[in-house]
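Asker: Structure file data.cif (mmCIF, C-alpha atoms and all ligand atoms) is given on the next line.
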```
data_coords
#
loop_
_atom_site.label_atom_id
_atom_site.label_comp_id
_atom_site.auth_asym_id
_atom_site.auth_seq_id
_atom_site.Cartn_x
_atom_site.Cartn_y
_atom_site.Cartn_z
CA MET A 936 -21.79 -25.51 -10.22
CA THR A 937 -18.98 -27.94 -10.98
CA ASP A 938 -17.47 -25.44 -13.37
CA ARG A 939 -17.78 -22.79 -10.76
CA ARG A 940 -16.01 -24.94 -8.14
CA ASN A 941 -13.25 -25.73 -10.59
CA LEU A 942 -12.85 -22.10 -11.39
CA ILE A 943 -12.51 -21.27 -7.73
CA ARG A 944 -10.10 -24.13 -7.16
CA GLY A 945 -8.07 -22.92 -10.09
CA ALA A 946 -7.91 -19.46 -8.65
CA VAL A 947 -6.88 -20.73 -5.22
CA ALA A 948 -4.23 -22.93 -6.77
CA GLY A 949 -2.97 -19.99 -8.78
CA ALA A 950 -2.88 -17.77 -5.75
CA GLY A 951 0.48 -17.92 -4.09
CA LEU A 952 2.29 -18.97 -7.23
CA VAL A 953 5.26 -16.83 -8.01
CA LEU A 954 4.73 -15.23 -11.36
CA ALA A 955 7.37 -15.89 -13.92
CA SER A 956 8.35 -12.24 -13.72
CA ALA A 957 9.19 -12.36 -10.04
CA GLY A 958 12.76 -13.51 -10.40
CA ARG A 959 13.56 -11.14 -13.24
CA SER A 960 15.26 -7.82 -12.93
CA LEU A 961 13.01 -4.81 -12.91
CA ALA A 962 14.42 -3.71 -16.24
CA GLN A 963 12.98 -6.90 -17.72
CA PHE A 964 9.68 -6.52 -16.02
CA SER A 965 6.73 -6.08 -18.33
CA SER A 966 3.16 -7.23 -17.99
CA PRO A 967 3.05 -10.40 -15.92
CA PRO A 968 1.43 -13.55 -17.23
CA HIS A 969 -2.10 -14.31 -16.10
CA ALA A 970 -1.60 -17.14 -13.62
CA VAL A 971 -4.89 -16.76 -11.74
CA ARG A 972 -8.00 -17.93 -13.52
CA PRO A 973 -10.67 -15.33 -12.96
CA VAL A 974 -13.79 -16.14 -10.96
CA ARG A 975 -17.04 -15.09 -12.57
CA LEU A 976 -19.83 -14.23 -10.16
CA GLN A 977 -23.55 -14.12 -10.89
CA LYS A 978 -25.45 -10.97 -10.08
CA PRO A 979 -26.19 -9.89 -7.46
CA CYS A 980 -22.66 -10.15 -6.14
CA VAL A 981 -20.10 -8.33 -4.02
CA VAL A 982 -16.31 -8.43 -3.66
CA SER A 983 -14.07 -6.72 -1.15
CA THR A 984 -10.47 -6.45 -0.05
CA TRP A 985 -8.78 -8.47 2.69
CA ASP A 986 -10.13 -11.15 4.98
CA PHE A 987 -12.36 -8.69 6.85
CA GLY A 988 -14.14 -8.42 3.53
CA VAL A 989 -15.92 -11.70 4.28
CA ALA A 990 -17.96 -10.10 7.09
CA ALA A 991 -18.43 -6.93 5.04
CA ASN A 992 -19.73 -8.96 2.11
CA LEU A 993 -22.25 -10.72 4.35
CA ALA A 994 -23.67 -7.34 5.41
CA ALA A 995 -23.80 -6.27 1.77
CA TRP A 996 -25.44 -9.57 0.87
CA GLU A 997 -28.26 -8.84 3.31
CA VAL A 998 -29.12 -5.91 1.06
CA LEU A 999 -28.39 -7.52 -2.31
CA SER A 1000 -30.19 -10.80 -1.64
CA LYS A 1001 -33.39 -8.88 -0.93
CA GLY A 1002 -33.20 -7.07 -4.23
CA GLY A 1003 -31.58 -3.97 -2.72
CA ARG A 1004 -29.43 -1.42 -4.47
CA ALA A 1005 -25.66 -1.92 -4.87
CA LEU A 1006 -25.07 1.51 -3.30
CA ASP A 1007 -26.87 0.49 -0.11
CA ALA A 1008 -24.98 -2.79 -0.12
CA VAL A 1009 -21.49 -1.28 -0.33
CA GLU A 1010 -22.31 1.26 2.38
CA ALA A 1011 -23.64 -1.48 4.67
CA GLY A 1012 -20.57 -3.61 3.97
CA ALA A 1013 -18.07 -0.81 4.57
CA ARG A 1014 -19.65 0.00 7.91
CA VAL A 1015 -18.73 -3.45 9.26
CA PRO A 1016 -14.95 -2.99 9.51
CA GLU A 1017 -15.50 0.67 10.42
CA ALA A 1018 -17.25 -0.56 13.58
CA ASP A 1019 -14.87 -3.44 14.31
CA LEU A 1020 -12.68 -2.52 17.28
CA SER A 1021 -10.22 -5.30 16.51
CA ASN A 1022 -9.52 -3.69 13.15
CA HIS A 1023 -6.88 -0.97 13.49
CA SER A 1024 -6.88 0.21 9.90
CA VAL A 1025 -10.49 1.23 9.29
CA GLY A 1026 -12.87 3.45 11.27
CA ARG A 1027 -13.10 3.51 15.05
CA ALA A 1028 -9.95 2.05 16.69
CA GLY A 1029 -7.93 2.86 13.57
CA TYR A 1030 -4.32 3.67 14.34
CA PRO A 1031 -3.79 7.42 14.65
CA ASP A 1032 -1.44 9.76 12.88
CA ARG A 1033 2.01 10.66 14.22
CA ASP A 1034 0.45 13.12 16.67
CA GLY A 1035 -2.24 10.78 18.00
CA HIS A 1036 -5.22 11.93 15.91
CA VAL A 1037 -7.42 9.29 14.26
CA THR A 1038 -8.17 10.74 10.81
CA LEU A 1039 -10.38 8.82 8.41
CA ASP A 1040 -10.65 8.76 4.62
CA ALA A 1041 -13.58 7.33 2.64
CA SER A 1042 -15.23 7.48 -0.78
CA ILE A 1043 -18.31 6.08 -2.43
CA MET A 1044 -19.58 5.91 -6.04
CA ASP A 1045 -22.92 4.88 -7.46
CA GLU A 1046 -24.18 3.61 -10.79
CA THR A 1047 -24.89 7.09 -12.14
CA GLY A 1048 -21.30 8.27 -11.74
CA GLY A 1049 -22.24 10.12 -8.58
CA CYS A 1050 -19.45 10.26 -6.04
CA GLY A 1051 -18.72 11.59 -2.58
CA ALA A 1052 -15.74 11.50 -0.26
CA VAL A 1053 -14.27 12.73 2.99
CA ALA A 1054 -10.61 13.03 3.92
CA GLY A 1055 -8.93 13.62 7.25
CA LEU A 1056 -12.27 13.30 9.02
CA GLU A 1057 -11.98 13.05 12.82
CA HIS A 1058 -14.41 11.89 15.51
CA ILE A 1059 -16.98 10.28 13.21
CA ALA A 1060 -17.17 6.51 13.35
CA HIS A 1061 -18.69 5.93 9.91
CA PRO A 1062 -16.94 8.10 7.34
CA ILE A 1063 -18.44 6.07 4.49
CA SER A 1064 -21.91 7.29 5.45
CA VAL A 1065 -20.67 10.88 5.56
CA ALA A 1066 -19.13 10.37 2.10
CA ARG A 1067 -22.55 9.22 0.87
CA ARG A 1068 -24.16 12.36 2.30
CA VAL A 1069 -21.54 14.48 0.49
CA MET A 1070 -22.58 12.73 -2.72
CA GLU A 1071 -26.30 12.96 -2.16
CA ARG A 1072 -26.77 16.25 -0.31
CA THR A 1073 -24.10 18.61 -1.61
CA PRO A 1074 -22.97 19.73 -5.06
CA HIS A 1075 -19.41 18.68 -4.07
CA VAL A 1076 -17.33 15.54 -4.24
CA LEU A 1077 -14.79 15.85 -1.43
CA LEU A 1078 -14.89 17.50 2.00
CA VAL A 1079 -11.81 17.53 4.22
CA GLY A 1080 -10.77 17.97 7.83
CA ASP A 1081 -12.73 20.42 9.99
CA GLY A 1082 -15.16 21.19 7.17
CA ALA A 1083 -15.98 17.51 6.77
CA LEU A 1084 -16.51 17.21 10.53
CA GLN A 1085 -18.74 20.27 10.58
CA PHE A 1086 -20.81 18.86 7.71
CA ALA A 1087 -21.07 15.47 9.44
CA ILE A 1088 -22.32 17.05 12.65
CA GLU A 1089 -24.81 19.17 10.71
CA GLN A 1090 -26.04 15.94 9.12
CA GLY A 1091 -26.67 14.42 12.54
CA PHE A 1092 -23.59 12.24 12.97
CA ALA A 1093 -22.48 12.17 16.62
CA PRO A 1094 -18.85 13.10 17.30
CA GLU A 1095 -17.00 10.63 19.50
CA GLU A 1096 -13.56 9.53 20.60
CA LEU A 1097 -12.17 7.12 18.02
CA LEU A 1098 -8.86 6.40 19.73
CA THR A 1099 -9.34 3.25 21.80
CA PRO A 1100 -7.08 2.23 24.71
CA GLU A 1101 -5.52 -0.42 22.47
CA SER A 1102 -4.75 1.89 19.59
CA ARG A 1103 -3.46 4.53 22.00
CA ALA A 1104 -1.15 1.92 23.56
CA ALA A 1105 0.10 0.91 20.09
CA TRP A 1106 0.75 4.56 19.22
CA GLU A 1107 2.62 5.14 22.48
CA GLU A 1108 4.70 2.06 21.79
CA TRP A 1109 5.47 3.34 18.29
CA ARG A 1110 6.50 6.74 19.67
CA LYS A 1111 9.38 5.10 21.52
CA SER A 1112 11.11 4.59 18.17
CA SER A 1113 9.01 6.88 15.93
CA LYS A 1114 10.24 4.84 13.00
CA TYR A 1115 8.36 5.89 9.88
CA GLN A 1116 8.65 3.47 7.02
CA PRO A 1117 5.60 3.03 4.87
CA ARG A 1118 6.19 -0.56 3.81
CA ALA A 1119 3.83 -3.48 3.78
CA ASN A 1120 4.12 -7.16 4.63
CA SER A 1121 7.17 -6.56 6.75
CA GLU A 1122 8.18 -7.67 10.18
CA VAL A 1123 6.14 -6.97 13.29
CA GLY A 1124 7.26 -4.00 15.28
CA ASP A 1125 7.96 -1.37 12.65
CA TYR A 1126 4.60 0.20 13.24
CA GLY A 1127 3.86 -0.94 16.75
CA ALA A 1128 1.78 -3.91 15.66
CA GLN A 1129 1.00 -5.99 18.72
CA LYS A 1130 1.35 -9.74 19.06
CA GLY A 1131 -1.97 -11.22 18.03
CA ASP A 1132 -2.91 -8.14 16.06
CA ARG A 1133 -4.17 -9.21 12.64
CA ARG A 1134 -1.26 -7.26 11.19
CA ASP A 1135 0.98 -9.58 13.14
CA ARG A 1136 0.11 -12.39 10.76
CA PRO A 1137 2.41 -13.24 7.89
CA GLY A 1138 1.15 -11.87 4.64
CA SER A 1139 -1.05 -9.16 6.05
CA ALA A 1140 -0.13 -5.60 5.28
CA ASN A 1141 1.48 -4.28 8.39
CA ASN A 1142 0.21 -0.80 8.82
CA HIS A 1143 -2.54 -0.19 6.36
CA ASP A 1144 -5.38 -2.43 5.28
CA THR A 1145 -8.20 -0.54 3.61
CA ILE A 1146 -11.54 -2.03 2.75
CA GLY A 1147 -12.59 -1.49 -0.82
CA ILE A 1148 -15.95 -3.07 -1.66
CA LEU A 1149 -17.60 -3.39 -5.07
CA ALA A 1150 -21.12 -4.67 -5.69
CA MET A 1151 -23.48 -5.40 -8.54
CA ASP A 1152 -27.17 -5.64 -7.72
CA ALA A 1153 -29.90 -7.71 -9.33
CA ASN A 1154 -30.51 -4.90 -11.84
CA GLY A 1155 -26.89 -5.16 -12.94
CA ASP A 1156 -26.03 -1.76 -11.44
CA LEU A 1157 -22.58 -1.25 -9.93
CA SER A 1158 -21.44 0.74 -6.90
CA GLY A 1159 -18.31 0.88 -4.79
CA ALA A 1160 -17.01 2.13 -1.44
CA CYS A 1161 -13.61 2.50 0.12
CA THR A 1162 -12.81 3.41 3.74
CA THR A 1163 -9.65 3.53 5.85
CA SER A 1164 -7.81 5.17 8.71
CA GLY A 1165 -4.91 5.39 6.28
CA MET A 1166 -1.31 4.79 7.03
CA ALA A 1167 -0.61 4.34 10.73
CA TRP A 1168 1.53 7.10 12.29
CA LYS A 1169 1.21 9.19 9.10
CA LEU A 1170 2.10 12.89 9.06
CA ARG A 1171 -0.81 15.03 10.21
CA GLY A 1172 -2.77 16.06 7.14
CA ARG A 1173 -1.62 13.14 5.00
CA VAL A 1174 -4.38 11.86 2.72
CA GLY A 1175 -4.11 8.56 0.90
CA ASP A 1176 -5.75 7.22 -2.23
CA SER A 1177 -8.94 5.94 -0.60
CA PRO A 1178 -10.95 9.20 -0.74
CA ILE A 1179 -9.56 10.22 -4.14
CA ILE A 1180 -12.03 9.26 -6.84
CA GLY A 1181 -10.13 7.44 -9.57
CA ALA A 1182 -7.28 6.50 -7.26
CA GLY A 1183 -8.72 4.37 -4.45
CA LEU A 1184 -12.08 3.77 -6.12
CA TYR A 1185 -13.72 4.06 -9.50
CA VAL A 1186 -17.04 2.85 -10.87
CA ASP A 1187 -18.32 3.07 -14.42
CA ASN A 1188 -21.67 1.37 -14.69
CA ALA A 1189 -21.10 0.54 -18.35
CA VAL A 1190 -17.79 -1.21 -17.74
CA GLY A 1191 -16.96 -2.22 -14.19
CA ALA A 1192 -15.51 -1.08 -10.89
CA ALA A 1193 -12.13 -1.14 -9.20
CA THR A 1194 -10.62 -0.36 -5.83
CA SER A 1195 -7.18 -0.41 -4.28
CA THR A 1196 -5.33 -1.09 -1.07
CA GLY A 1197 -1.78 -0.49 0.03
CA VAL A 1198 0.51 2.50 -0.10
CA GLY A 1199 -1.83 5.17 -1.40
CA GLU A 1200 0.83 7.51 -2.72
CA GLU A 1201 1.71 5.01 -5.45
CA VAL A 1202 -1.95 4.55 -6.34
CA ILE A 1203 -2.54 8.31 -6.56
CA ARG A 1204 0.54 8.77 -8.76
CA ASN A 1205 -0.90 6.30 -11.25
CA VAL A 1206 -4.63 7.06 -10.80
CA GLY A 1207 -4.89 3.34 -10.22
CA SER A 1208 -8.58 2.46 -10.00
CA PHE A 1209 -9.50 4.67 -12.96
CA LEU A 1210 -6.71 3.00 -14.90
CA VAL A 1211 -8.07 -0.46 -14.11
CA VAL A 1212 -11.56 0.50 -15.27
CA GLU A 1213 -10.24 2.18 -18.42
CA LEU A 1214 -8.19 -0.90 -19.29
CA MET A 1215 -11.36 -2.98 -18.85
CA ARG A 1216 -13.17 -0.57 -21.15
CA GLN A 1217 -10.48 -1.21 -23.75
CA GLY A 1218 -11.18 -4.92 -23.55
CA ARG A 1219 -8.91 -6.29 -20.85
CA SER A 1220 -10.32 -8.69 -18.33
CA PRO A 1221 -10.48 -7.44 -14.71
CA GLN A 1222 -7.52 -9.72 -13.93
CA ALA A 1223 -5.39 -8.41 -16.80
CA ALA A 1224 -6.36 -4.84 -15.96
CA CYS A 1225 -5.28 -5.23 -12.31
CA GLU A 1226 -2.01 -6.81 -13.44
CA GLU A 1227 -1.24 -3.94 -15.82
CA ALA A 1228 -2.05 -1.32 -13.17
CA VAL A 1229 0.36 -2.99 -10.74
CA ALA A 1230 2.97 -3.41 -13.46
CA ARG A 1231 2.78 0.26 -14.30
CA ILE A 1232 3.56 1.22 -10.69
CA VAL A 1233 6.56 -1.09 -10.54
CA ARG A 1234 7.86 -0.09 -13.96
CA ARG A 1235 7.69 3.59 -13.18
CA LYS A 1236 9.23 3.32 -9.75
CA PRO A 1237 11.40 0.28 -9.15
CA GLN A 1238 11.62 1.10 -5.43
CA ALA A 1239 7.92 0.22 -5.29
CA ARG A 1240 8.96 -3.43 -5.15
CA ASP A 1241 9.40 -2.90 -1.40
CA LEU A 1242 5.87 -1.54 -1.03
CA GLN A 1243 2.46 -3.15 -1.21
CA VAL A 1244 -0.30 -2.10 -3.57
CA GLY A 1245 -3.21 -4.34 -4.54
CA PHE A 1246 -6.11 -3.83 -6.93
CA LEU A 1247 -9.47 -5.59 -6.99
CA ALA A 1248 -11.90 -5.31 -9.91
CA LEU A 1249 -15.39 -6.45 -10.87
CA SER A 1250 -16.68 -6.22 -14.43
CA LYS A 1251 -20.21 -5.55 -15.60
CA SER A 1252 -20.44 -9.24 -16.52
CA GLY A 1253 -19.48 -10.35 -12.99
CA GLU A 1254 -15.90 -11.31 -13.78
CA THR A 1255 -13.43 -10.57 -11.00
CA GLY A 1256 -9.72 -9.86 -10.90
CA ALA A 1257 -7.08 -9.00 -8.31
CA PHE A 1258 -3.36 -8.50 -8.28
CA ALA A 1259 -0.72 -7.02 -5.95
CA ILE A 1260 2.93 -6.09 -5.82
CA GLN A 1261 3.62 -8.36 -2.83
CA SER A 1262 2.11 -11.66 -1.82
CA GLY A 1263 -0.35 -11.59 1.06
CA PHE A 1264 -3.18 -9.63 -0.53
CA ASN A 1265 -6.47 -11.50 -0.31
CA TYR A 1266 -10.04 -10.69 -1.21
CA ALA A 1267 -13.52 -11.90 -0.43
CA LEU A 1268 -16.22 -12.81 -2.97
CA CYS A 1269 -19.92 -13.40 -2.47
CA ASP A 1270 -22.89 -14.30 -4.63
CA ALA A 1271 -25.86 -16.64 -4.38
CA ALA A 1272 -23.66 -19.70 -4.90
CA SER A 1273 -21.29 -18.94 -2.02
CA GLN A 1274 -21.20 -16.08 0.41
CA LYS A 1275 -17.86 -16.62 2.17
CA GLN A 1276 -15.22 -17.13 -0.48
CA LEU A 1277 -11.76 -15.81 0.34
CA LEU A 1278 -9.03 -15.94 -2.30
CA GLY A 1279 -5.36 -15.06 -2.28
CA ALA A 1280 -4.34 -12.68 -5.04
CA ASN A 1281 -1.36 -13.37 -7.20
CA SER A 1282 1.52 -10.91 -7.02
CA VAL A 1283 4.64 -9.73 -8.77
CA TYR A 1284 6.92 -10.64 -5.88
CA GLN A 1285 6.77 -13.41 -3.37
CA ALA A 1286 7.70 -12.76 0.27
C1 LIG B 1301 -3.81 4.68 2.23
N1 LIG B 1301 -4.50 2.98 0.67
O1 LIG B 1301 -4.19 5.49 3.06
C2 LIG B 1301 -4.65 3.45 2.02
C3 LIG B 1301 -4.30 2.45 3.02
C4 LIG B 1301 -4.54 1.04 2.61
O2 LIG B 1301 -4.23 -1.20 2.83
O3 LIG B 1301 -5.08 0.74 1.64
N2 LIG B 1301 -4.11 0.04 3.26
O4 LIG B 1301 -2.79 4.81 1.60
#
```
Would you put the structure from the file into structure tokens?
Answerer:
Amino acid sequence: MTDRRNLIRGAVAGAGLVLASAGRSLAQFSSPPHAVRPVRLQKPCVVSTWDFGVAANLAAWEVLSKGGRALDAVEAGARVPEADLSNHSVGRAGYPDRDGHVTLDASIMDETGGCGAVAGLEHIAHPISVARRVMERTPHVLLVGDGALQFAIEQGFAPEELLTPESRAAWEEWRKSSKYQPRANSEVGDYGAQKGDRRDRPGSANNHDTIGILAMDANGDLSGACTTSGMAWKLRGRVGDSPIIGAGLYVDNAVGAATSTGVGEEVIRNVGSFLVVELMRQGRSPQAACEEAVARIVRRKPQARDLQVGFLALSKSGETGAFAIQSGFNYALCDAASQKQLLGANSVYQA
């Protein structure tokens, strides 16, 4: 237990440190040093992105602590922010696209390599559960737009209005300037974030905070889920990384699992979560794998230094890792020893 506490303290102390690479020119940038000591969890365990991951993990823990399956746990966890009306980046009350439509993206993967996803889904409050139905009840992986909605309704999901008065007001405020700049961790106002909105807080990603959640059950089986309303004020039809298997989420039960948050285009370009898992397969720790996946984005596209992307990973042995381009990315961890841990991830650049 003492070791465990020290490990966690070490990770917290490491979080927020500027990596040695941060002051260097991008031409010099290579793999960053490993400043954060990884936290190793005991199975069953669950990790998820951002501070709303704490509540999601607790819902997942309800399943895991009773001997339940990791797949059920990640679905239960993902449904928490989907239902949270104060959260404007996942599920109901998510900020709409440029034209006022709330369009949701989600994906899920189980321990057998099964996967399901929906993209651009409207009017359904729990896209993660529709993604699971795609996985379990169709021969397909990804359903989009009207087809995804039709499938959801056929499966018994009730269509409803997802645009709340608050998110409509934020959209109408944004329309006054219609400024479209997919950045993260920037000043309030670019995206119509309201005072008091969680995106109004320093260090939180301004217009897009996805939940990615990864769990290992008592059997040692891994599953993952990822769900988002995507980038606020996005072009109609824009799909991010979250429903793209290998980009926003990847699970290999022999190796580990990874998920991402931030500007999805950069994650798709680099097939980020698959990359993290493959690097783990080749022997890197989850922390080193997340660092290399971030480094690859920044090396390939120096302009990415102005964007936010974060990765979170969990290995088959319970080791965790997280890393981001910008500071401000945090993640929640939960196992029998402690159910409400929240850690700041280290990053290439410091705000
Ligand atoms: C997207 N990656 O649609 C998602 C949004 C996100 O933190 O992760 N925000 O690009």
Asker: Enumerate, as number ranges by chain, the protein, DNA and RNA residues whose atoms approach (-12.5, -4.0, 3.2) to within 10 Å, taking into account all atoms listed in the file and the coordinate frame of the file.
Answerer: A: 982-992, 1012-1017, 1024-1025, 1144-1149, 1160-1163, 1194-1196, 1266-1267
Asker: What would the file look like if the residues just selected were written as a JSON list (two decimals), keeping the file's coordinate frame with C-alpha atoms?
Answerer:
```
[["chain", "number", "residue", "atom", "x", "y", "z"],
["A", 982, "VAL", "CA", -16.31, -8.43, -3.66],
["A", 983, "SER", "CA", -14.07, -6.72, -1.15],
["A", 984, "THR", "CA", -10.47, -6.45, -0.05],
["A", 985, "TRP", "CA", -8.78, -8.47, 2.69],
["A", 986, "ASP", "CA", -10.13, -11.15, 4.98],
["A", 987, "PHE", "CA", -12.36, -8.69, 6.85],
["A", 988, "GLY", "CA", -14.14, -8.42, 3.53],
["A", 989, "VAL", "CA", -15.92, -11.70, 4.28],
["A", 990, "ALA", "CA", -17.96, -10.10, 7.09],
["A", 991, "ALA", "CA", -18.43, -6.93, 5.04],
["A", 992, "ASN", "CA", -19.73, -8.96, 2.11],
["A", 1012, "GLY", "CA", -20.57, -3.61, 3.97],
["A", 1013, "ALA", "CA", -18.07, -0.81, 4.57],
["A", 1014, "ARG", "CA", -19.65, 0.00, 7.91],
["A", 1015, "VAL", "CA", -18.73, -3.45, 9.26],
["A", 1016, "PRO", "CA", -14.95, -2.99, 9.51],
["A", 1017, "GLU", "CA", -15.50, 0.67, 10.42],
["A", 1024, "SER", "CA", -6.88, 0.21, 9.90],
["A", 1025, "VAL", "CA", -10.49, 1.23, 9.29],
["A", 1144, "ASP", "CA", -5.38, -2.43, 5.28],
["A", 1145, "THR", "CA", -8.20, -0.54, 3.61],
["A", 1146, "ILE", "CA", -11.54, -2.03, 2.75],
["A", 1147, "GLY", "CA", -12.59, -1.49, -0.82],
["A", 1148, "ILE", "CA", -15.95, -3.07, -1.66],
["A", 1149, "LEU", "CA", -17.60, -3.39, -5.07],
["A", 1160, "ALA", "CA", -17.01, 2.13, -1.44],
["A", 1161, "CYS", "CA", -13.61, 2.50, 0.12],
["A", 1162, "THR", "CA", -12.81, 3.41, 3.74],
["A", 1163, "THR", "CA", -9.65, 3.53, 5.85],
["A", 1194, "THR", "CA", -10.62, -0.36, -5.83],
["A", 1195, "SER", "CA", -7.18, -0.41, -4.28],
["A", 1196, "THR", "CA", -5.33, -1.09, -1.07],
["A", 1266, "TYR", "CA", -10.04, -10.69, -1.21],
["A", 1267, "ALA", "CA", -13.52, -11.90, -0.43]]
```
Asker: Would you mind listing the residues within 8 Å of ligand LIG 1301 (chain B), counting only C-alpha atoms and all ligand atoms, as an MDAnalysis selection string?
Answerer: chainID A and resid 1024 1040 1140 1142:1146 1163:1166 1174:1177 1183 1195:1200 1202 1244
Asker: Here is a test: counting only C-alpha atoms, which residue of A:Ser1250, A:Arg1068, A:His1036, A:Leu1098 is nearest to Gly1080 of chain A?
Answerer: A:His1036
Asker: Excluding segment 1213-1215 of chain A and residues on its chain fewer than 2 positions from it, collect all residues at most 8 Å away from it, counting all atoms listed in the file, and give them as a PyMOL selection string.
Answerer: chain A and resi 1190-1191+1209-1211+1217-1221+1224+1250
Asker: Can you work out the spacing between atom CA of Ala1060 of chain A and atom CA of Ala1093 of chain A in Å, to one decimal?
Answerer: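 Those two atoms sit 8.4 Å apart.
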Asker: Could you name the residues that touch Ile1088 of chain A at 10 Å or less, counting only C-alpha atoms, but leaving out those on the same chain fewer than 4 positions away, as a list in words?
Answerer: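 Counting only the stated atoms, we get His1058, Ile1059, Val1065, Gly1082, Ala1083, Leu1084, Phe1092, Ala1093 and Pro1094 of chain A.
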Asker: Out of A:Ser1158, A:Thr1047, A:Ser1113, A:Thr1099, which residue has the shortest atom-to-atom distance to Gly1003 of chain A when counting all atoms listed in the file?
Answerer: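 Among the listed residues, the smallest separation from Gly1003 of chain A belongs to A:Ser1158.
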Asker: May I ask for the distance between atom CA of Gly1155 of chain A and atom CA of Asn1281 of chain A, given in Å to one decimal place?
Answerer: 27.4 Å
Asker: Could you tell me how far atom CA of Pro1074 of chain A sits from atom CA of Arg1173 of chain A, in Å to one decimal place?
Answerer: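 Computing it gives 24.5 Å between the two atoms.
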Asker: Point out the residue among A:Leu1097, A:Leu1078, A:Met1044, A:Ala1104 with the least atom-to-atom distance to Glu1057 of chain A, counting only C-alpha atoms.
Answerer: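 The answer is A:Leu1097, which sits nearest to Glu1057 of chain A.
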Asker: Would you list the contacts of segment 979-981 of chain A as JSON, numbers by chain, taking every protein, DNA or RNA residue within 7 Å and counting only C-alpha atoms, but skipping same-chain residues closer than 5 positions in sequence?
Answerer: {"A": [992, 999, 1149, 1150, 1151, 1152, 1153, 1268, 1269, 1270]}
Asker: Can you write just those residues out, C-alpha atoms, as a tab-separated table (two decimals), in the frame of the given file?
Answerer:
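Below is the file out-v4.tsv, written as the result:
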```
chain	number	residue	atom	x	y	z
A	992	ASN	CA	-19.73	-8.96	2.11
A	999	LEU	CA	-28.39	-7.52	-2.31
A	1149	LEU	CA	-17.60	-3.39	-5.07
A	1150	ALA	CA	-21.12	-4.67	-5.69
A	1151	MET	CA	-23.48	-5.40	-8.54
A	1152	ASP	CA	-27.17	-5.64	-7.72
A	1153	ALA	CA	-29.90	-7.71	-9.33
A	1268	LEU	CA	-16.22	-12.81	-2.97
A	1269	CYS	CA	-19.92	-13.40	-2.47
A	1270	ASP	CA	-22.89	-14.30	-4.63
```
